[in-house]
>>> print(open('data.txt').read())   # compact mmCIF, N, CA and C atoms
# COMPACT_ATOMS: atom_id res chain seq x y z
N MET S 1 -6.48 -13.50 -28.93
CA MET S 1 -7.87 -13.80 -29.17
C MET S 1 -8.23 -13.33 -30.58
N ILE S 2 -8.83 -14.18 -31.38
CA ILE S 2 -9.19 -13.84 -32.75
C ILE S 2 -10.71 -13.79 -32.88
N ILE S 3 -11.22 -12.63 -33.30
CA ILE S 3 -12.65 -12.44 -33.51
C ILE S 3 -12.85 -11.95 -34.94
N GLU S 4 -13.59 -12.71 -35.75
CA GLU S 4 -13.90 -12.37 -37.14
C GLU S 4 -12.65 -12.02 -37.93
N GLY S 5 -11.61 -12.82 -37.81
CA GLY S 5 -10.40 -12.61 -38.58
C GLY S 5 -9.49 -11.52 -38.07
N LYS S 6 -9.85 -10.85 -36.99
CA LYS S 6 -9.02 -9.78 -36.43
C LYS S 6 -8.38 -10.26 -35.14
N LEU S 7 -7.16 -9.86 -34.94
CA LEU S 7 -6.43 -10.22 -33.73
C LEU S 7 -6.61 -9.12 -32.69
N GLN S 8 -7.14 -9.48 -31.53
CA GLN S 8 -7.32 -8.52 -30.45
C GLN S 8 -6.45 -8.93 -29.27
N VAL S 9 -5.85 -7.95 -28.66
CA VAL S 9 -5.03 -8.19 -27.49
C VAL S 9 -5.91 -8.00 -26.25
N VAL S 10 -5.99 -9.04 -25.44
CA VAL S 10 -6.79 -9.00 -24.23
C VAL S 10 -5.87 -8.68 -23.06
N LYS S 11 -6.20 -7.62 -22.34
CA LYS S 11 -5.41 -7.21 -21.18
C LYS S 11 -5.80 -8.06 -19.98
N VAL S 12 -4.82 -8.64 -19.34
CA VAL S 12 -5.07 -9.49 -18.17
C VAL S 12 -5.31 -8.60 -16.97
N LYS S 13 -6.37 -8.89 -16.23
CA LYS S 13 -6.67 -8.11 -15.03
C LYS S 13 -5.84 -8.63 -13.86
N LEU S 14 -5.36 -7.70 -13.04
CA LEU S 14 -4.57 -8.08 -11.87
C LEU S 14 -5.49 -8.31 -10.68
N LYS S 15 -5.19 -9.32 -9.91
CA LYS S 15 -5.95 -9.54 -8.69
C LYS S 15 -5.48 -8.57 -7.62
N THR S 16 -6.39 -8.12 -6.80
CA THR S 16 -6.05 -7.23 -5.69
C THR S 16 -5.38 -8.04 -4.59
N LYS S 17 -4.28 -7.53 -4.09
CA LYS S 17 -3.59 -8.18 -2.97
C LYS S 17 -4.24 -7.69 -1.68
N LYS S 18 -4.97 -8.56 -1.03
CA LYS S 18 -5.74 -8.18 0.16
C LYS S 18 -4.84 -7.78 1.33
N ALA S 19 -3.64 -8.33 1.40
CA ALA S 19 -2.73 -7.97 2.48
C ALA S 19 -2.30 -6.51 2.35
N VAL S 20 -2.11 -6.04 1.13
CA VAL S 20 -1.72 -4.66 0.90
C VAL S 20 -2.89 -3.73 1.20
N VAL S 21 -4.09 -4.13 0.82
CA VAL S 21 -5.29 -3.32 1.08
C VAL S 21 -5.50 -3.15 2.59
N ALA S 22 -5.18 -4.19 3.35
CA ALA S 22 -5.36 -4.12 4.80
C ALA S 22 -4.33 -3.21 5.47
N ARG S 23 -3.15 -3.08 4.88
CA ARG S 23 -2.07 -2.31 5.51
C ARG S 23 -2.06 -0.84 5.14
N PHE S 24 -2.64 -0.48 4.01
CA PHE S 24 -2.58 0.90 3.54
C PHE S 24 -3.97 1.47 3.35
N LYS S 25 -4.08 2.79 3.49
CA LYS S 25 -5.34 3.48 3.27
C LYS S 25 -5.08 4.63 2.30
N LEU S 26 -5.96 4.78 1.32
CA LEU S 26 -5.81 5.82 0.32
C LEU S 26 -6.36 7.13 0.86
N THR S 27 -5.57 8.21 0.75
CA THR S 27 -6.02 9.52 1.21
C THR S 27 -6.76 10.22 0.08
N ALA S 28 -7.37 11.35 0.39
CA ALA S 28 -8.14 12.10 -0.61
C ALA S 28 -7.23 12.67 -1.70
N SER S 29 -5.97 12.96 -1.36
CA SER S 29 -5.05 13.51 -2.35
C SER S 29 -4.36 12.44 -3.18
N GLY S 30 -4.68 11.16 -2.93
CA GLY S 30 -4.13 10.07 -3.73
C GLY S 30 -2.88 9.44 -3.15
N GLN S 31 -2.49 9.84 -1.95
CA GLN S 31 -1.33 9.24 -1.31
C GLN S 31 -1.77 8.04 -0.48
N LEU S 32 -0.82 7.22 -0.08
CA LEU S 32 -1.12 6.05 0.76
C LEU S 32 -0.62 6.29 2.17
N LYS S 33 -1.50 6.04 3.13
CA LYS S 33 -1.15 6.20 4.53
C LYS S 33 -0.79 4.83 5.09
N ARG S 34 0.28 4.78 5.88
CA ARG S 34 0.74 3.52 6.46
C ARG S 34 1.05 3.72 7.93
N SER S 35 1.17 2.62 8.65
CA SER S 35 1.58 2.71 10.06
C SER S 35 3.08 2.42 10.14
N LYS S 36 3.71 2.96 11.17
CA LYS S 36 5.15 2.79 11.34
C LYS S 36 5.44 1.48 12.07
N PRO S 37 6.51 0.81 11.70
CA PRO S 37 6.88 -0.43 12.39
C PRO S 37 7.61 -0.13 13.71
N GLY S 38 7.64 -1.10 14.61
CA GLY S 38 8.44 -0.97 15.82
C GLY S 38 7.66 -0.72 17.08
N LYS S 39 6.35 -0.96 17.06
CA LYS S 39 5.57 -0.71 18.28
C LYS S 39 4.78 -1.94 18.71
N ARG S 40 5.35 -3.11 18.50
CA ARG S 40 4.67 -4.36 18.86
C ARG S 40 5.21 -4.96 20.16
N HIS S 41 6.51 -4.98 20.30
CA HIS S 41 7.11 -5.61 21.49
C HIS S 41 8.42 -4.90 21.80
N ILE S 42 9.03 -5.27 22.92
CA ILE S 42 10.25 -4.64 23.45
C ILE S 42 10.03 -3.12 23.57
N LEU S 43 8.98 -2.77 24.30
CA LEU S 43 8.63 -1.36 24.44
C LEU S 43 9.22 -0.71 25.69
N THR S 44 9.76 -1.52 26.60
CA THR S 44 10.26 -0.96 27.86
C THR S 44 11.49 -0.09 27.66
N LYS S 45 12.34 -0.43 26.70
CA LYS S 45 13.56 0.35 26.48
C LYS S 45 13.33 1.58 25.62
N LYS S 46 12.15 1.70 25.00
CA LYS S 46 11.86 2.84 24.14
C LYS S 46 11.23 3.96 24.97
N THR S 47 11.61 5.17 24.65
CA THR S 47 11.09 6.32 25.40
C THR S 47 9.63 6.58 25.02
N SER S 48 8.94 7.32 25.88
CA SER S 48 7.54 7.65 25.63
C SER S 48 7.39 8.47 24.36
N LYS S 49 8.32 9.37 24.14
CA LYS S 49 8.28 10.19 22.93
C LYS S 49 8.43 9.33 21.68
N ARG S 50 9.34 8.37 21.73
CA ARG S 50 9.56 7.48 20.58
C ARG S 50 8.33 6.64 20.29
N LYS S 51 7.72 6.09 21.35
CA LYS S 51 6.50 5.28 21.17
C LYS S 51 5.34 6.12 20.66
N ARG S 52 5.24 7.34 21.14
CA ARG S 52 4.18 8.24 20.70
C ARG S 52 4.32 8.57 19.21
N HIS S 53 5.53 8.82 18.78
CA HIS S 53 5.77 9.12 17.37
C HIS S 53 5.59 7.90 16.48
N LEU S 54 5.82 6.72 17.01
CA LEU S 54 5.59 5.49 16.24
C LEU S 54 4.10 5.23 16.03
N SER S 55 3.25 5.78 16.89
CA SER S 55 1.81 5.57 16.78
C SER S 55 1.20 6.36 15.63
N LYS S 56 1.82 7.48 15.29
CA LYS S 56 1.26 8.36 14.26
C LYS S 56 1.49 7.77 12.87
N PRO S 57 0.52 7.95 11.97
CA PRO S 57 0.67 7.38 10.63
C PRO S 57 1.72 8.13 9.80
N ALA S 58 2.22 7.45 8.78
CA ALA S 58 3.19 8.04 7.85
C ALA S 58 2.68 7.80 6.43
N LEU S 59 3.32 8.45 5.47
CA LEU S 59 2.93 8.29 4.08
C LEU S 59 3.96 7.42 3.35
N VAL S 60 3.48 6.68 2.36
CA VAL S 60 4.35 5.84 1.55
C VAL S 60 5.17 6.77 0.65
N SER S 61 6.45 6.44 0.46
CA SER S 61 7.32 7.28 -0.35
C SER S 61 6.89 7.25 -1.82
N GLU S 62 7.27 8.30 -2.54
CA GLU S 62 6.86 8.47 -3.93
C GLU S 62 7.38 7.34 -4.82
N CYS S 63 8.57 6.80 -4.52
CA CYS S 63 9.14 5.77 -5.38
C CYS S 63 8.38 4.44 -5.26
N GLN S 64 7.71 4.19 -4.17
CA GLN S 64 6.95 2.95 -3.99
C GLN S 64 5.45 3.14 -4.22
N LEU S 65 5.00 4.37 -4.35
CA LEU S 65 3.58 4.66 -4.45
C LEU S 65 2.92 4.01 -5.66
N LYS S 66 3.56 4.08 -6.82
CA LYS S 66 3.00 3.54 -8.05
C LYS S 66 2.83 2.02 -7.94
N MET S 67 3.83 1.35 -7.38
CA MET S 67 3.78 -0.11 -7.25
C MET S 67 2.64 -0.54 -6.32
N TYR S 68 2.52 0.11 -5.16
CA TYR S 68 1.49 -0.28 -4.21
C TYR S 68 0.08 0.02 -4.75
N LYS S 69 -0.09 1.11 -5.46
CA LYS S 69 -1.39 1.42 -6.04
C LYS S 69 -1.80 0.39 -7.08
N ARG S 70 -0.82 -0.06 -7.88
CA ARG S 70 -1.11 -1.08 -8.90
C ARG S 70 -1.51 -2.40 -8.25
N VAL S 71 -0.82 -2.77 -7.18
CA VAL S 71 -1.11 -4.01 -6.47
C VAL S 71 -2.47 -3.94 -5.78
N MET S 72 -2.83 -2.72 -5.31
CA MET S 72 -4.13 -2.54 -4.64
C MET S 72 -5.30 -2.51 -5.63
N GLY S 73 -5.00 -2.27 -6.89
CA GLY S 73 -6.06 -2.18 -7.88
C GLY S 73 -6.66 -0.80 -7.96
N VAL S 74 -5.91 0.21 -7.55
CA VAL S 74 -6.39 1.60 -7.57
C VAL S 74 -5.95 2.28 -8.85
>>> encode(input="data.txt", output="C-alpha cells")
Amino acid sequence: MIIEGKLQVVKVKLKTKKAVVARFKLTASGQLKRSKPGKRHILTKKTSKRKRHLSKPALVSECQLKMYKRVMGV
C-alpha cells in the first residue's frame, strides 16, 4: 500500500476459527482447557473409572498452545 510516496506494509488479519473456539476454553493463567476424546460411544467395555477420568477436562500441551491461540485470535 502506497500513501504519499511511502510504502507501508499492511498486516493481514486472521479470521477466528469458530470450530476451535467452540472446542477450547481459555483459563485465567492463559492455558487452553479441552475435553478428552473417547466418551461418545462403545462405553460398555470401558470401566467406570476410565469413563469418569475421560469426563474431566485436560489442558492443551505447550507445543500446540501457540498455534491454537493464534487460530482463536487470542
>>> closest_residue(input="data.txt", among="S:Arg70, S:Lys25, S:Lys39, S:Lys11", to="S:Leu54", atoms="only C-alpha atoms")
S:Lys39
>>> residues_around(input="data.txt", residues="S:Leu59", least_positions_apart="3", cutoff="7 Å", atoms="only C-alpha atoms", output="ChimeraX atom specification")
/S:31-34
>>> closest_residue(input="data.txt", among="S:Ser35, S:Met72, S:Thr44, S:Cys63", to="S:Lys17", atoms="only C-alpha atoms")
S:Met72
>>> atom_distance(input="data.txt", atom1="atom CA of S:Thr16", atom2="atom N of S:Gly73")
5.2 Å
>>> atom_distance(input="data.txt", atom1="atom CA of S:Gly30", atom2="atom C of S:Val74")
9.5 Å
>>> atom_distance(input="data.txt", atom1="atom C of S:Ala58", atom2="atom CA of S:Lys36")
7.4 Å
>>> select_by_dssp(input="data.txt", residues="chain S", states="strand (DSSP E or B)", output="list in words")
Ile2, Ile3, Lys6, Leu7, Lys25, Leu26, Leu32, Lys33, Arg34, Ala58 and Leu59 of chain S
>>> select_by_dssp(input="data.txt", residues="chain S", states="alpha helix (DSSP H)", output="VMD selection string")
chain S and resid 18 to 23 48 to 55 62 to 72
>>> decode(input="data.txt", residues="stretch 25-48 of chain S", atoms="C-alpha atoms", output="compact mmCIF listing (two decimals), in the first residue's frame")
# COMPACT_ATOMS: atom_id res chain seq x y z
CA LYS S 25 -11.75 -22.52 26.68
CA LEU S 26 -9.09 -20.06 27.82
CA THR S 27 -8.17 -20.27 31.51
CA ALA S 28 -7.16 -17.33 33.69
CA SER S 29 -3.49 -18.36 33.52
CA GLY S 30 -3.55 -18.33 29.71
CA GLN S 31 -3.75 -22.07 29.12
CA LEU S 32 -6.36 -23.81 26.98
CA LYS S 33 -8.76 -26.30 28.50
CA ARG S 34 -10.01 -29.15 26.33
CA SER S 35 -12.18 -32.23 26.70
CA LYS S 36 -10.76 -35.73 26.33
CA PRO S 37 -11.79 -37.92 23.39
CA GLY S 38 -13.28 -41.39 23.76
CA LYS S 39 -16.53 -40.90 25.63
CA ARG S 40 -19.09 -40.85 22.81
CA HIS S 41 -19.82 -44.49 22.03
CA ILE S 42 -18.71 -48.06 22.81
CA LEU S 43 -18.91 -47.33 26.52
CA THR S 44 -19.93 -50.80 27.72
CA LYS S 45 -16.41 -52.24 27.52
CA LYS S 46 -14.85 -49.26 29.34
CA THR S 47 -14.60 -49.33 33.11
CA SER S 48 -16.36 -46.77 35.30
